[in-house]
file upload35.cif (mmCIF, C-alpha atoms)
data_run
#
loop_
_atom_site.label_atom_id
_atom_site.label_comp_id
_atom_site.auth_asym_id
_atom_site.auth_seq_id
_atom_site.Cartn_x
_atom_site.Cartn_y
_atom_site.Cartn_z
CA MET E 1 1.15 -23.50 24.63
CA LYS E 2 1.22 -22.25 21.07
CA HIS E 3 3.16 -19.12 20.18
CA ARG E 4 0.63 -16.54 19.00
CA ILE E 5 1.46 -14.38 16.01
CA ILE E 6 -0.95 -11.55 15.28
CA VAL E 7 -0.84 -9.78 11.92
CA LEU E 8 -2.61 -6.43 11.81
CA GLY E 9 -3.97 -5.56 8.37
CA ALA E 10 -4.71 -7.77 5.36
CA GLY E 11 -3.47 -5.55 2.57
CA TYR E 12 -0.74 -6.79 0.25
CA THR E 13 1.94 -6.88 2.95
CA GLY E 14 -0.09 -8.25 5.84
CA ALA E 15 -1.69 -10.96 3.72
CA ILE E 16 1.65 -12.05 2.25
CA ALA E 17 3.29 -12.13 5.67
CA ALA E 18 0.50 -14.20 7.22
CA GLY E 19 0.50 -16.71 4.37
CA ARG E 20 4.27 -17.00 4.34
CA LEU E 21 4.43 -17.57 8.10
CA ALA E 22 1.83 -20.31 7.76
CA LYS E 23 4.10 -22.01 5.21
CA ARG E 24 7.20 -21.67 7.37
CA LEU E 25 5.94 -22.81 10.80
CA ARG E 26 4.16 -25.89 12.12
CA ARG E 27 0.49 -25.46 12.97
CA GLU E 28 1.04 -27.45 16.15
CA ASP E 29 3.42 -24.77 17.40
CA VAL E 30 1.90 -21.44 16.35
CA GLN E 31 -1.45 -19.72 16.12
CA ILE E 32 -1.52 -17.10 13.37
CA THR E 33 -4.33 -14.54 13.53
CA LEU E 34 -4.89 -12.05 10.73
CA VAL E 35 -6.92 -9.04 11.89
CA ASN E 36 -8.70 -6.96 9.27
CA ALA E 37 -11.70 -4.65 9.27
CA GLU E 38 -13.09 -5.89 5.94
CA PRO E 39 -13.88 -9.48 4.90
CA ASP E 40 -12.25 -9.09 1.47
CA PHE E 41 -8.73 -8.55 0.27
CA VAL E 42 -8.71 -5.13 -1.39
CA GLU E 43 -6.52 -4.55 -4.43
CA ARG E 44 -5.49 -1.04 -3.53
CA VAL E 45 -3.65 -0.52 -6.82
CA ARG E 46 -7.00 -0.81 -8.61
CA MET E 47 -8.98 1.74 -6.61
CA HIS E 48 -8.90 4.22 -9.49
CA GLN E 49 -10.64 1.57 -11.63
CA LEU E 50 -13.31 1.07 -9.00
CA ALA E 51 -13.86 4.83 -8.74
CA ALA E 52 -14.22 5.09 -12.53
CA GLY E 53 -17.10 2.62 -12.52
CA GLN E 54 -15.43 -0.75 -13.10
CA ASP E 55 -16.36 -3.80 -11.04
CA LEU E 56 -13.48 -5.68 -9.42
CA GLU E 57 -13.30 -9.38 -8.72
CA PRO E 58 -14.18 -10.07 -5.06
CA ARG E 59 -11.44 -11.80 -3.10
CA PRO E 60 -12.81 -13.01 0.26
CA LEU E 61 -10.09 -13.53 2.86
CA ALA E 62 -11.81 -16.70 3.99
CA ASP E 63 -11.23 -18.18 0.52
CA LEU E 64 -7.67 -16.88 0.18
CA PHE E 65 -6.61 -18.48 3.46
CA ALA E 66 -8.74 -21.61 3.36
CA GLY E 67 -6.72 -24.60 4.50
CA THR E 68 -3.69 -22.56 5.62
CA GLY E 69 -4.43 -22.57 9.33
CA VAL E 70 -4.52 -18.76 9.44
CA GLU E 71 -7.39 -17.50 11.60
CA ILE E 72 -9.24 -14.50 10.11
CA ARG E 73 -10.51 -12.04 12.72
CA LEU E 74 -12.82 -9.41 11.26
CA ALA E 75 -12.31 -6.46 13.57
CA ARG E 76 -11.05 -2.90 13.67
CA VAL E 77 -7.84 -2.27 15.59
CA THR E 78 -8.27 0.54 18.12
CA ALA E 79 -4.98 0.39 20.06
CA VAL E 80 -1.75 -1.52 20.55
CA ASP E 81 -0.07 -1.85 23.96
CA THR E 82 3.50 -2.87 23.21
CA ASP E 83 4.41 -3.06 26.90
CA ARG E 84 1.61 -5.47 27.80
CA LYS E 85 1.82 -7.12 24.36
CA THR E 86 -1.87 -6.73 23.60
CA VAL E 87 -4.02 -5.45 20.76
CA ALA E 88 -7.38 -3.82 21.39
CA VAL E 89 -10.01 -4.49 18.71
CA ILE E 90 -13.70 -3.94 18.19
CA ASP E 91 -16.00 -6.11 16.08
CA ALA E 92 -19.70 -6.88 15.74
CA ASP E 93 -19.72 -8.40 19.22
CA GLY E 94 -18.01 -5.44 20.87
CA ALA E 95 -14.54 -4.69 22.23
CA ASP E 96 -11.91 -7.36 22.82
CA GLU E 97 -8.23 -7.66 23.65
CA LEU E 98 -5.80 -10.04 21.96
CA GLU E 99 -2.47 -11.12 23.43
CA TYR E 100 0.49 -11.77 21.17
CA GLY E 101 3.91 -13.33 21.31
CA THR E 102 4.92 -11.73 18.01
CA LEU E 103 3.16 -8.82 16.34
CA VAL E 104 3.31 -7.98 12.63
CA TYR E 105 2.12 -4.40 12.17
CA ALA E 106 0.81 -3.92 8.64
CA LEU E 107 -1.93 -1.30 9.04
CA GLY E 108 -0.54 0.61 6.10
CA SER E 109 -1.46 4.14 5.14
CA GLY E 110 -4.38 6.27 4.04
CA TRP E 111 -4.89 9.62 2.43
CA THR E 112 -3.96 12.90 4.09
CA ASP E 113 -5.28 16.39 3.55
CA ASN E 114 -1.82 17.87 4.23
CA GLY E 115 -3.50 20.49 6.37
CA VAL E 116 -4.97 22.25 3.33
CA PRO E 117 -8.26 24.01 4.19
CA GLY E 118 -11.42 22.44 2.82
CA VAL E 119 -9.88 19.15 1.68
CA ALA E 120 -11.46 16.98 4.38
CA GLU E 121 -14.88 18.54 3.76
CA HIS E 122 -14.98 18.81 -0.01
CA ALA E 123 -12.44 16.42 -1.61
CA TYR E 124 -12.61 12.72 -2.47
CA GLU E 125 -9.90 10.10 -2.00
CA ILE E 126 -9.09 6.84 -3.76
CA ALA E 127 -6.65 5.35 -1.26
CA SER E 128 -9.36 3.09 0.18
CA ARG E 129 -12.30 1.06 -1.03
CA PRO E 130 -14.90 3.16 0.83
CA GLY E 131 -13.34 6.31 -0.61
CA ALA E 132 -13.30 4.94 -4.14
CA LEU E 133 -16.93 3.84 -3.87
CA ARG E 134 -17.95 7.27 -2.56
CA LEU E 135 -16.28 8.94 -5.53
CA ARG E 136 -17.77 6.39 -7.92
CA GLU E 137 -21.28 7.28 -6.75
CA HIS E 138 -20.59 11.00 -7.05
CA LEU E 139 -19.13 10.71 -10.56
CA ALA E 140 -22.11 8.63 -11.69
CA GLY E 141 -24.35 11.54 -10.80
CA LEU E 142 -22.40 14.20 -12.70
CA ASP E 143 -23.87 15.52 -15.93
CA ALA E 144 -21.82 15.86 -19.10
CA GLY E 145 -19.48 18.81 -19.24
CA ARG E 146 -18.91 18.99 -15.50
CA PRO E 147 -15.29 19.61 -14.35
CA VAL E 148 -13.31 17.06 -12.36
CA VAL E 149 -9.97 18.09 -10.83
CA VAL E 150 -7.34 15.62 -9.63
CA VAL E 151 -4.91 17.28 -7.24
CA GLY E 152 -1.52 15.60 -7.30
CA GLY E 153 0.66 14.53 -10.20
CA GLY E 154 2.11 11.34 -8.69
CA LEU E 155 1.28 7.78 -9.69
CA THR E 156 -2.11 7.76 -7.97
CA GLY E 157 -3.11 11.09 -9.48
CA LEU E 158 -2.03 10.12 -12.99
CA GLU E 159 -3.82 6.80 -12.88
CA GLY E 160 -6.97 8.33 -11.39
CA ALA E 161 -7.17 11.18 -13.90
CA THR E 162 -6.56 9.04 -16.98
CA GLU E 163 -8.92 6.28 -15.84
CA ILE E 164 -11.77 8.73 -15.25
CA ALA E 165 -11.09 10.63 -18.48
CA GLU E 166 -11.21 7.41 -20.47
CA ALA E 167 -14.34 6.09 -18.74
CA ARG E 168 -16.15 9.44 -18.83
CA PRO E 169 -15.01 11.39 -21.91
CA ASP E 170 -18.03 13.65 -21.39
CA LEU E 171 -16.46 15.14 -18.25
CA LYS E 172 -13.79 17.85 -18.23
CA VAL E 173 -10.90 16.24 -16.36
CA ALA E 174 -7.91 18.26 -15.15
CA ILE E 175 -4.74 17.59 -13.15
CA ALA E 176 -3.20 20.12 -10.79
CA ALA E 177 0.46 19.20 -10.19
CA ARG E 178 2.91 20.99 -7.92
CA GLY E 179 5.76 20.26 -10.33
CA GLY E 180 5.99 19.41 -14.00
CA LEU E 181 3.83 16.56 -15.30
CA GLY E 182 5.82 13.36 -14.80
CA ASP E 183 8.97 15.34 -14.11
CA TRP E 184 10.63 12.38 -12.36
CA LEU E 185 10.27 10.16 -15.45
CA SER E 186 12.66 9.68 -18.34
CA PRO E 187 12.17 11.89 -21.43
CA LYS E 188 10.59 9.00 -23.35
CA ALA E 189 8.13 8.17 -20.59
CA ARG E 190 7.32 11.83 -19.97
CA ALA E 191 6.57 12.43 -23.65
CA HIS E 192 4.28 9.39 -23.73
CA LEU E 193 2.47 10.59 -20.63
CA ARG E 194 1.87 14.04 -22.10
CA LYS E 195 0.61 12.55 -25.35
CA ALA E 196 -1.79 10.25 -23.51
CA ALA E 197 -3.13 13.11 -21.39
CA ALA E 198 -3.69 15.24 -24.48
CA GLU E 199 -5.48 12.43 -26.33
CA LEU E 200 -7.77 11.92 -23.35
CA GLY E 201 -8.56 15.63 -23.25
CA ILE E 202 -7.03 16.18 -19.82
CA THR E 203 -6.14 19.76 -18.94
CA VAL E 204 -2.83 19.94 -17.08
CA HIS E 205 -2.05 22.69 -14.58
CA GLU E 206 1.67 22.38 -13.90
CA HIS E 207 3.71 24.08 -11.17
CA THR E 208 0.47 24.81 -9.38
CA THR E 209 0.16 25.24 -5.62
CA VAL E 210 -3.26 24.39 -4.24
CA THR E 211 -4.18 26.54 -1.26
CA GLY E 212 -7.67 25.25 -0.51
CA VAL E 213 -10.73 23.37 -1.70
CA GLU E 214 -14.30 24.61 -1.82
CA ALA E 215 -17.53 22.88 -2.78
CA GLY E 216 -17.24 24.00 -6.39
CA ALA E 217 -13.61 24.95 -6.88
CA VAL E 218 -9.96 24.21 -6.19
CA LEU E 219 -8.22 27.30 -4.89
CA VAL E 220 -4.74 27.96 -6.24
CA GLU E 221 -2.25 30.77 -5.90
CA GLY E 222 -3.66 33.63 -7.92
CA GLY E 223 -7.07 32.15 -8.68
CA SER E 224 -9.22 29.02 -8.75
CA ILE E 225 -10.12 26.03 -10.91
CA PRO E 226 -13.81 25.07 -11.21
CA SER E 227 -14.49 21.59 -9.87
CA ALA E 228 -17.60 19.48 -9.41
CA ALA E 229 -15.47 16.66 -8.03
CA THR E 230 -12.05 17.24 -6.45
CA ILE E 231 -9.88 14.15 -6.00
CA TRP E 232 -7.01 14.53 -3.54
CA THR E 233 -3.93 12.36 -4.25
CA THR E 234 -1.04 14.36 -2.85
CA GLY E 235 0.41 11.69 -0.58
CA PHE E 236 -0.24 9.19 2.18
CA ALA E 237 -0.22 9.21 5.96
CA VAL E 238 0.33 6.13 8.10
CA HIS E 239 -2.23 4.84 10.56
CA PRO E 240 -1.85 6.81 13.83
CA ILE E 241 -1.96 3.82 16.18
CA ALA E 242 1.79 3.18 16.17
CA ALA E 243 2.58 6.76 17.22
CA ALA E 244 0.44 6.25 20.34
CA THR E 245 2.59 3.35 21.54
CA SER E 246 5.99 3.32 23.24
CA MET E 247 7.72 2.20 20.02
CA ASP E 248 10.33 4.30 18.26
CA VAL E 249 8.57 6.01 15.37
CA THR E 250 9.45 8.77 12.94
CA ASP E 251 7.81 12.19 12.91
CA SER E 252 5.40 10.80 10.32
CA GLY E 253 4.43 7.89 12.58
CA GLN E 254 6.28 5.09 10.77
CA ILE E 255 7.83 2.40 12.96
CA VAL E 256 11.63 2.43 12.83
CA VAL E 257 12.86 -1.05 11.91
CA ASP E 258 16.14 -2.84 11.31
CA GLY E 259 17.04 -4.82 8.19
CA THR E 260 14.78 -7.71 9.23
CA MET E 261 11.79 -5.36 9.64
CA ARG E 262 11.92 -5.73 13.43
CA SER E 263 11.20 -2.70 15.59
CA VAL E 264 14.45 -1.23 16.91
CA SER E 265 12.78 -0.62 20.27
CA HIS E 266 10.48 -3.65 20.63
CA PRO E 267 11.98 -6.92 19.34
CA ASP E 268 8.65 -8.76 19.41
CA VAL E 269 7.12 -6.31 16.90
CA TYR E 270 7.73 -6.27 13.15
CA ALA E 271 6.49 -3.51 10.85
CA ILE E 272 6.06 -3.96 7.11
CA GLY E 273 4.86 -2.00 4.10
CA ASP E 274 3.90 1.64 4.47
CA ALA E 275 3.90 1.35 8.28
CA ALA E 276 7.66 0.74 8.38
CA PHE E 277 10.54 3.18 8.17
CA ALA E 278 12.97 0.86 6.44
CA ILE E 279 16.23 1.65 4.71
CA GLY E 280 16.65 0.36 1.18
CA PRO E 281 19.37 0.56 -1.48
CA CYS E 282 21.89 3.41 -1.25
CA ASP E 283 20.77 4.03 2.36
CA LYS E 284 17.54 5.64 1.17
CA PRO E 285 14.24 5.08 3.01
CA LEU E 286 11.79 2.92 1.10
CA ARG E 287 8.88 4.87 -0.33
CA MET E 288 5.32 3.92 0.51
CA SER E 289 4.43 1.56 -2.31
CA CYS E 290 3.29 -1.91 -3.24
CA ALA E 291 6.59 -2.22 -5.10
CA SER E 292 8.61 -2.41 -1.88
CA GLY E 293 5.90 -3.65 0.49
CA GLY E 294 5.94 -7.25 -0.70
CA PHE E 295 9.68 -7.54 -0.11
CA THR E 296 9.35 -6.20 3.45
CA ALA E 297 6.60 -8.75 4.13
CA MET E 298 8.75 -11.63 2.94
CA GLN E 299 11.75 -10.40 4.91
CA ALA E 300 9.75 -10.07 8.12
CA ALA E 301 8.01 -13.45 7.79
CA ASP E 302 11.24 -15.29 7.12
CA ALA E 303 13.05 -13.49 9.96
CA ILE E 304 10.27 -14.31 12.42
CA ALA E 305 10.36 -17.97 11.39
CA ALA E 306 14.14 -18.05 11.72
CA ARG E 307 14.15 -16.48 15.17
CA LEU E 308 11.40 -18.75 16.47
CA THR E 309 13.06 -21.91 15.15
CA GLY E 310 16.68 -20.97 15.86
CA GLY E 311 17.47 -20.88 12.15
CA LYS E 312 19.70 -18.66 10.07
CA LEU E 313 18.46 -15.13 9.57
CA PRO E 314 17.46 -14.61 5.93
CA HIS E 315 18.12 -11.71 3.65
CA VAL E 316 15.42 -10.83 1.13
CA PRO E 317 16.85 -8.30 -1.34
CA ILE E 318 14.70 -5.18 -1.26
CA ARG E 319 15.04 -3.05 -4.36
CA TYR E 320 13.01 -1.40 -7.11
CA PHE E 321 12.74 -2.50 -10.72
CA GLN E 322 10.10 -0.35 -12.38
CA GLN E 323 7.25 2.07 -11.89
CA CYS E 324 4.12 0.88 -13.69
CA ILE E 325 1.58 3.60 -14.52
CA SER E 326 -1.71 2.77 -16.19
CA LEU E 327 -3.14 5.53 -18.37
CA GLY E 328 -6.64 4.14 -18.67
CA ARG E 329 -7.24 0.61 -19.94
CA GLU E 330 -5.63 1.11 -23.34
CA LYS E 331 -2.32 2.82 -22.50
CA ALA E 332 0.40 2.64 -19.88
CA VAL E 333 4.01 3.54 -19.27
CA ILE E 334 6.52 1.25 -17.61
CA GLN E 335 9.41 3.31 -16.32
CA PHE E 336 12.43 1.19 -15.47
CA VAL E 337 14.42 2.40 -12.47
CA THR E 338 17.62 1.82 -10.54
CA ALA E 339 17.65 -0.23 -7.34
CA ASP E 340 17.02 2.95 -5.36
CA ASP E 341 14.09 4.03 -7.56
CA ARG E 342 15.68 6.58 -9.93
CA ALA E 343 14.42 6.61 -13.50
CA VAL E 344 16.73 5.34 -16.23
CA SER E 345 16.39 6.08 -19.93
CA ALA E 346 14.60 2.81 -20.71
CA ALA E 347 10.80 2.83 -20.65
CA LEU E 348 8.08 0.69 -22.18
CA THR E 349 5.32 2.71 -23.88
CA GLY E 350 3.93 0.59 -26.70
CA ARG E 351 0.91 -1.69 -26.96
CA PHE E 352 2.49 -4.21 -24.60
CA ALA E 353 2.77 -1.63 -21.81
CA PRO E 354 -0.86 -1.94 -20.57
CA VAL E 355 -0.56 -5.72 -20.79
CA TYR E 356 2.63 -5.57 -18.72
CA LYS E 357 0.93 -3.33 -16.16
CA GLU E 358 -2.04 -5.68 -15.90
CA LEU E 359 0.27 -8.66 -15.38
CA ILE E 360 1.99 -6.81 -12.53
CA CYS E 361 -1.37 -6.06 -10.86
CA LYS E 362 -2.56 -9.64 -11.25
CA GLY E 363 0.79 -10.91 -10.01
CA ALA E 364 0.56 -8.80 -6.86
CA ALA E 365 -2.84 -10.28 -6.03
CA TRP E 366 -1.66 -13.78 -6.98
CA SER E 367 1.32 -13.50 -4.62
CA VAL E 368 -1.08 -13.11 -1.71
CA LYS E 369 -2.47 -16.57 -2.47
CA ASN E 370 0.98 -18.00 -3.23
CA PRO E 371 3.41 -16.30 -0.80
CA THR E 372 6.21 -18.85 -1.19
CA PHE E 373 5.95 -19.70 -4.89
CA GLY E 374 9.18 -21.06 -6.33
CA LEU E 375 10.77 -21.63 -2.94
CA PRO E 376 11.13 -24.91 -1.03
CA VAL E 377 8.65 -25.01 1.84
CA ARG E 378 9.52 -26.72 5.07
CA ARG E 379 7.45 -26.08 8.14
CA ARG E 380 9.84 -26.01 11.08
CA ARG E 381 9.23 -26.66 14.74
CA ILE E 382 9.73 -23.64 16.96
CA ALA E 383 12.33 -23.83 19.73
CA HIS E 384 10.87 -24.86 23.07
CA ASP E 385 13.22 -22.42 24.78
CA LYS E 386 12.31 -19.05 23.27
CA THR E 387 15.60 -17.68 24.58
CA ALA E 388 17.58 -20.19 22.54
CA PRO E 389 20.39 -18.47 20.62
CA ILE E 390 19.83 -17.62 16.99
CA SER E 391 22.34 -18.25 14.25
CA THR E 392 25.14 -15.70 14.48
CA ALA E 393 24.94 -14.99 10.76
CA LYS E 394 24.98 -11.24 10.26
CA ALA E 395 21.52 -9.79 9.80
CA PRO E 396 21.03 -7.33 6.95
CA ALA E 397 21.41 -3.74 8.11
#

call {"tool": "encode", "arguments": {"input": "upload35.cif", "output": "structure tokens"}}
result
Amino acid sequence: MKHRIIVLGAGYTGAIAAGRLAKRLRREDVQITLVNAEPDFVERVRMHQLAAGQDLEPRPLADLFAGTGVEIRLARVTAVDTDRKTVAVIDADGADELEYGTLVYALGSGWTDNGVPGVAEHAYEIASRPGALRLREHLAGLDAGRPVVVVGGGLTGLEGATEIAEARPDLKVAIAARGGLGDWLSPKARAHLRKAAAELGITVHEHTTVTGVEAGAVLVEGGSIPSAATIWTTGFAVHPIAAATSMDVTDSGQIVVDGTMRSVSHPDVYAIGDAAFAIGPCDKPLRMSCASGGFTAMQAADAIAARLTGGKLPHVPIRYFQQCISLGREKAVIQFVTADDRAVSAALTGRFAPVYKELICKGAAWSVKNPTFGLPVRRRRIAHDKTAPISTAKAPA
């Protein structure tokens, strides 16, 4: 009987993990099923472009995984039973239950209203394709001169605000940031960001605490900001399914994993990307980002292959290199960082910066199609005795 590996979620991390496993293991020995609610791979890092009215290249999962042996199951995950080792799904034909030998949990994260009154009812999000399309339709219907407020001064907020301001210069775009604009960046990058915002006509409300959202305004301490479209980008929340299982999870619902991305409580479950609480350089938890997600996917896939085949446990270095922030299509800032994601003085802000950013985005999508590029590929036979000892090489902590 084949060993069944189920991968939940076909975002960057889930898609990379599924493809890499298919390259590492023999088709005669394993059945790899990738479960996803949508038929296309969604480039989440481009959702601000979609919301601003740009059309993105479709990337059907069936095409991405053609010839790999990975089975695509279009379904929505409704529950995971880690004691019975089953996944409950629902698709066009109704409810079903899938059994697994190994589970890769890559359901990722979505937006959160942070408990702020009125956000769920009146704000838009760009953390998902449906959310970006909903905002796109709303923006298309706004007349010139109408105010748009982006709440949140992080990477998503900056990219969303600048993209919309560039695409719709007739709108009055503003950012409401809890801290200073780009206050985590180096002085060079911060100055470039402020200059770009000013040139795009973006009004910046710094050190502003948002207390609520209404149909036509963002409520702040001491007043309000008029808004015909409020875009909420203040952070992400993980999918709640993991918290409903018997796995060890954090207060935020992330699955606690070891250095190989394996659940510390359930050794047949691996969590990757935003769904995982993983420790990175300098004993700091990895932040929810595409920047670290790909590394966790590679680490998990290679560890699963090693454990199933009795091979040596791998160590994929997980670290940060840069933060790439697009400021519309014509400008960008590339902030170089330490391994644990702290800004250094070096930053790229010139004409090559948007080209660099675009190459990173294209490279992320390309890596889904080519999950083992540059590495020797040898599909190994899994051990007939699943209890066979693994190499005693020390696993990364």

call {"tool": "resolve_selection", "arguments": {"input": "upload35.cif", "expression": "the PyMOL selection byres ((chain E and resi 226) around 10)", "output": "PDB file with C-alpha atoms, in the frame of the given file"}}
result
ATOM      1  CA  ARG E 146     -18.910  18.990 -15.500  1.00  0.00           C
ATOM      2  CA  PRO E 147     -15.290  19.610 -14.350  1.00  0.00           C
ATOM      3  CA  VAL E 148     -13.310  17.060 -12.360  1.00  0.00           C
ATOM      4  CA  VAL E 149      -9.970  18.090 -10.830  1.00  0.00           C
ATOM      5  CA  ALA E 174      -7.910  18.260 -15.150  1.00  0.00           C
ATOM      6  CA  GLU E 214     -14.300  24.610  -1.820  1.00  0.00           C
ATOM      7  CA  ALA E 215     -17.530  22.880  -2.780  1.00  0.00           C
ATOM      8  CA  GLY E 216     -17.240  24.000  -6.390  1.00  0.00           C
ATOM      9  CA  ALA E 217     -13.610  24.950  -6.880  1.00  0.00           C
ATOM     10  CA  VAL E 218      -9.960  24.210  -6.190  1.00  0.00           C
ATOM     11  CA  LEU E 219      -8.220  27.300  -4.890  1.00  0.00           C
ATOM     12  CA  SER E 224      -9.220  29.020  -8.750  1.00  0.00           C
ATOM     13  CA  ILE E 225     -10.120  26.030 -10.910  1.00  0.00           C
ATOM     14  CA  SER E 227     -14.490  21.590  -9.870  1.00  0.00           C
ATOM     15  CA  ALA E 228     -17.600  19.480  -9.410  1.00  0.00           C
ATOM     16  CA  ALA E 229     -15.470  16.660  -8.030  1.00  0.00           C
ATOM     17  CA  THR E 230     -12.050  17.240  -6.450  1.00  0.00           C
TER      18      THR E 230
END

call {"tool": "closest_residue", "arguments": {"input": "upload35.cif", "among": "E:Ala364, E:Met261, E:Ala278, E:Ala52", "to": "Tyr105 of chain E", "atoms": "only C-alpha atoms"}}
result
E:Met261

call {"tool": "closest_residue", "arguments": {"input": "upload35.cif", "among": "E:Ile360, E:Ile126, E:Ala18, E:Ala346", "to": "Arg190 of chain E", "atoms": "all atoms listed in the file"}}
result
E:Ala346

call {"tool": "axis_aligned_box", "arguments": {"input": "upload35.cif", "around": "segment 343-354 of chain E", "padding_each_side": "6 Å", "output": "lines of an AutoDock Vina configuration file"}}
result
center_x = 7.9
center_y = 1.2
center_z = -20.2
size_x = 29.6
size_y = 22.8
size_z = 25.5

call {"tool": "atom_distance", "arguments": {"input": "upload35.cif", "atom1": "atom CA of Arg287 of chain E", "atom2": "atom CA of Leu200 of chain E"}}
result
29.3 Å

call {"tool": "closest_residue", "arguments": {"input": "upload35.cif", "among": "E:Ser367, E:Thr245, E:Ser109, E:Ser186", "to": "Gln322 of chain E", "atoms": "all atoms listed in the file"}}
result
E:Ser186

call {"tool": "closest_residue", "arguments": {"input": "upload35.cif", "among": "E:Val269, E:Leu21, E:Val264, E:Val333", "to": "Gly101 of chain E", "atoms": "only C-alpha atoms"}}
result
E:Val269

call {"tool": "atom_distance", "arguments": {"input": "upload35.cif", "atom1": "atom CA of Gly363 of chain E", "atom2": "atom CA of Cys290 of chain E"}}
result
11.5 Å

call {"tool": "closest_residue", "arguments": {"input": "upload35.cif", "among": "E:Leu107, E:Met47, E:Ala88, E:Ala15", "to": "Leu135 of chain E", "atoms": "all atoms listed in the file"}}
result
E:Met47

call {"tool": "closest_residue", "arguments": {"input": "upload35.cif", "among": "E:Leu56, E:Arg307, E:Val210, E:Asn114", "to": "Arg381 of chain E", "atoms": "all atoms listed in the file"}}
result
E:Arg307

call {"tool": "atom_distance", "arguments": {"input": "upload35.cif", "atom1": "atom CA of Gln49 of chain E", "atom2": "atom CA of Ala176 of chain E"}}
result
20.0 Å

call {"tool": "resolve_selection", "arguments": {"input": "upload35.cif", "expression": "the PyMOL selection byres ((chain E and resi 90) around 8)", "output": "JSON list (two decimals) with C-alpha atoms, in the coordinates of the input"}}
result
[["chain", "number", "residue", "atom", "x", "y", "z"],
["E", 75, "ALA", "CA", -12.31, -6.46, 13.57],
["E", 76, "ARG", "CA", -11.05, -2.90, 13.67],
["E", 77, "VAL", "CA", -7.84, -2.27, 15.59],
["E", 78, "THR", "CA", -8.27, 0.54, 18.12],
["E", 88, "ALA", "CA", -7.38, -3.82, 21.39],
["E", 89, "VAL", "CA", -10.01, -4.49, 18.71],
["E", 91, "ASP", "CA", -16.00, -6.11, 16.08],
["E", 92, "ALA", "CA", -19.70, -6.88, 15.74],
["E", 93, "ASP", "CA", -19.72, -8.40, 19.22],
["E", 94, "GLY", "CA", -18.01, -5.44, 20.87],
["E", 95, "ALA", "CA", -14.54, -4.69, 22.23],
["E", 96, "ASP", "CA", -11.91, -7.36, 22.82]]

call {"tool": "resolve_selection", "arguments": {"input": "upload35.cif", "expression": "the PyMOL selection byres ((chain E and resi 6) around 9)", "output": "list in words"}}
result
Arg4, Ile5, Val7, Leu8, Ala18, Gln31, Ile32, Thr33, Leu34, Val35, Val87, Leu98, Glu99, Tyr100, Gly101, Thr102, Leu103, Val104 and Tyr105 of chain E

call {"tool": "residues_around", "arguments": {"input": "upload35.cif", "residues": "segment 44-46 of chain E", "least_positions_apart": "3", "cutoff": "7 Å", "atoms": "all atoms listed in the file", "output": "list of chain:residue names"}}
result
E:Gln49, E:Leu50, E:Ala127, E:Ser128

call {"tool": "residues_around", "arguments": {"input": "upload35.cif", "residues": "Ile231 of chain E", "least_positions_apart": "5", "cutoff": "7 Å", "atoms": "only C-alpha atoms", "output": "ChimeraX atom specification"}}
result
/E:123-125,149-151

call {"tool": "residues_around", "arguments": {"input": "upload35.cif", "residues": "Ala243 of chain E", "least_positions_apart": "2", "cutoff": "12 Å", "atoms": "only C-alpha atoms", "output": "ChimeraX atom specification"}}
result
/E:79-82,237-241,245-256,275-276

call {"tool": "residues_near_point", "arguments": {"input": "upload35.cif", "point": "(-3.5, 12.7, -4.2)", "cutoff": "9 Å", "atoms": "all atoms listed in the file", "output": "ChimeraX atom specification"}}
result
/E:111-113,125-127,150-157,231-236

call {"tool": "residues_around", "arguments": {"input": "upload35.cif", "residues": "Cys324 of chain E", "least_positions_apart": "3", "cutoff": "7 Å", "atoms": "all atoms listed in the file", "output": "ChimeraX atom specification"}}
result
/E:333-335,357

call {"tool": "decode", "arguments": {"input": "upload35.cif", "residues": "segment 140-163 of chain E", "atoms": "C-alpha atoms", "output": "PDB file, in the first residue's frame"}}
result
ATOM      1  CA  ALA E 140     -13.776  51.046  -9.882  1.00  0.00           C
ATOM      2  CA  GLY E 141     -17.073  52.577  -8.826  1.00  0.00           C
ATOM      3  CA  LEU E 142     -15.590  55.487  -6.881  1.00  0.00           C
ATOM      4  CA  ASP E 143     -15.769  58.946  -8.424  1.00  0.00           C
ATOM      5  CA  ALA E 144     -12.775  61.263  -8.563  1.00  0.00           C
ATOM      6  CA  GLY E 145     -11.895  63.012  -5.344  1.00  0.00           C
ATOM      7  CA  ARG E 146     -13.231  60.286  -3.075  1.00  0.00           C
ATOM      8  CA  PRO E 147     -11.065  59.382  -0.025  1.00  0.00           C
ATOM      9  CA  VAL E 148      -9.449  55.973   0.408  1.00  0.00           C
ATOM     10  CA  VAL E 149      -7.830  55.097   3.745  1.00  0.00           C
ATOM     11  CA  VAL E 150      -5.357  52.254   4.219  1.00  0.00           C
ATOM     12  CA  VAL E 151      -5.113  51.261   7.868  1.00  0.00           C
ATOM     13  CA  GLY E 152      -1.727  49.769   8.689  1.00  0.00           C
ATOM     14  CA  GLY E 153       1.767  50.940   7.833  1.00  0.00           C
ATOM     15  CA  GLY E 154       3.411  47.546   7.299  1.00  0.00           C
ATOM     16  CA  LEU E 155       4.506  46.046   3.994  1.00  0.00           C
ATOM     17  CA  THR E 156       0.975  45.181   2.863  1.00  0.00           C
ATOM     18  CA  GLY E 157      -0.353  48.624   3.748  1.00  0.00           C
ATOM     19  CA  LEU E 158       2.494  50.458   2.028  1.00  0.00           C
ATOM     20  CA  GLU E 159       2.211  48.412  -1.138  1.00  0.00           C
ATOM     21  CA  GLY E 160      -1.576  48.716  -1.217  1.00  0.00           C
ATOM     22  CA  ALA E 161      -1.620  52.473  -0.678  1.00  0.00           C
ATOM     23  CA  THR E 162       1.077  53.280  -3.230  1.00  0.00           C
ATOM     24  CA  GLU E 163      -0.351  50.910  -5.847  1.00  0.00           C
TER      25      GLU E 163
END
